[in-house]
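Asks: Here you go, one structure.
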Amino acid sequence: MFNKICTFNDDTNITSKELDYALLSVRIATGVFFVVHGYAKFFGEMGLAGFAGMLTNLGFPMADMFAFLVAFAELFGGIAILLGVMTRFWAFWLTIIAFVAWWTVKGFNIGDKGDLDVLALGLTIALLLAGPGAISLSSYFKCKKDESVTI
């Protein structure tokens, strides 16, 4: 694996171990991003009320409910993705959140922090398609469950 990195080899035949480390890296980046943003929505300077006010100003119906749901999904979905638990489930919802944030708040703009929404969107789509990889709690518990099955 490290010869490819040191020689900048663009070999498209990756090993399963390389894929697992790549997915771990994607999960860490995605999880940290959403945990930080979810935590800020709950406990940050603006808090949940400020976030709900922003959603109201953007014309969202039931802004208080959506503010809570988005903050909850970002915080707990980010934690789940970090751990590799229910990765596709949370990646699905966080993909929707990232897309809606990019569309409504940034108006599909790449500047003005819209680039972070595009990055979050790409990372969540990658996890939605690929899952958590072998270096995850889901994989660990699946192996434990498979070991307990006797024939």
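Quick note on naming: the chains in the structure tokens go A, B, ... in the order shown, residues restart at 1 in each chain, and ligands are numbered from 1 in order of appearance.
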Please produce, as CSV, a per-residue contact table for range 111-143 of chain A versus range 91-103 of chain A (criterion: any atom at most 10 Å away, only C-alpha atoms considered), showing the nearest atom pair and its distance in Å to one decimal, sorted by chain then residue number.

Replies:
residue,atom,partner,partner_atom,distance
A:Lys113,CA,A:Trp102,CA,9.1
A:Gly114,CA,A:Trp102,CA,6.0
A:Asp115,CA,A:Trp102,CA,8.6
A:Leu116,CA,A:Trp102,CA,8.7
A:Asp117,CA,A:Trp102,CA,5.5
A:Val118,CA,A:Trp102,CA,7.1
A:Leu119,CA,A:Ala98,CA,8.9
A:Ala120,CA,A:Ala98,CA,6.2
A:Leu121,CA,A:Ala98,CA,5.4
A:Gly122,CA,A:Thr95,CA,8.2
A:Leu123,CA,A:Thr95,CA,8.5
A:Thr124,CA,A:Ala91,CA,5.0
A:Ile125,CA,A:Thr95,CA,6.4
A:Ala126,CA,A:Ala91,CA,8.6
A:Leu127,CA,A:Ala91,CA,6.1
A:Leu128,CA,A:Ala91,CA,5.3
A:Leu129,CA,A:Ala91,CA,9.0
A:Gly131,CA,A:Ala91,CA,8.7
A:Pro132,CA,A:Ala91,CA,9.9

Asks: Would you save the residues from that selection as a compact mmCIF listing (two decimals), in the first residue's frame, using C-alpha atoms?

Replies:
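Wrote out02.txt, looks like this:
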# COMPACT_ATOMS: atom_id res chain seq x y z
CA LYS A 113 -18.88 28.20 2.63
CA GLY A 114 -20.97 26.42 -0.01
CA ASP A 115 -17.85 24.41 -0.73
CA LEU A 116 -18.24 22.73 2.68
CA ASP A 117 -21.77 21.68 1.76
CA VAL A 118 -20.51 20.20 -1.53
CA LEU A 119 -17.75 18.38 0.34
CA ALA A 120 -20.21 17.03 2.93
CA LEU A 121 -22.54 16.00 0.11
CA GLY A 122 -19.76 14.08 -1.67
CA LEU A 123 -18.61 12.35 1.50
CA THR A 124 -22.10 11.28 2.53
CA ILE A 125 -22.87 9.98 -0.96
CA ALA A 126 -19.64 7.95 -0.89
CA LEU A 127 -20.67 6.38 2.44
CA LEU A 128 -24.21 5.83 1.20
CA LEU A 129 -22.85 3.85 -1.75
CA GLY A 131 -21.03 1.55 3.51
CA PRO A 132 -18.75 1.67 6.53

Asks: Give the answer as one residue: which of A:Phe76, A:Phe51, A:Phe60, A:Phe66 has the shortest atom-to-atom distance to Val36 in chain A, using only C-alpha atoms?

Replies: A:Phe76

Asks: Would you mind listing what lies within 10 Å of Gly78 in chain A as a ChimeraX atom specification, with only C-alpha atoms counted and same-chain residues fewer than 2 positions away left out?

Replies: /A:27-39,72-76,80-84,87,90-91,94

Asks: Could you state the separation of CA of Ala52 in chain A and CA of Ala71 in chain A in Å, given to one decimal place?

Replies: 10.2 Å

Asks: Among chain A, which residues does DSSP mark as alpha helix (DSSP H) when it is run on the backbone? Keep the chain and numbering as in the structure and answer as an MDAnalysis selection string.

Replies: chainID A and resid 2:7 16:43 47:57 63:83 87:100 114:130 137:148

Asks: Out of A:Phe68, A:Tyr140, A:Ile110, A:Ile135, which residue has the shortest atom-to-atom distance to Leu19 in chain A when counting only C-alpha atoms?

Replies: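 Among the listed residues, A:Ile135 lies closest to Leu19 in chain A.
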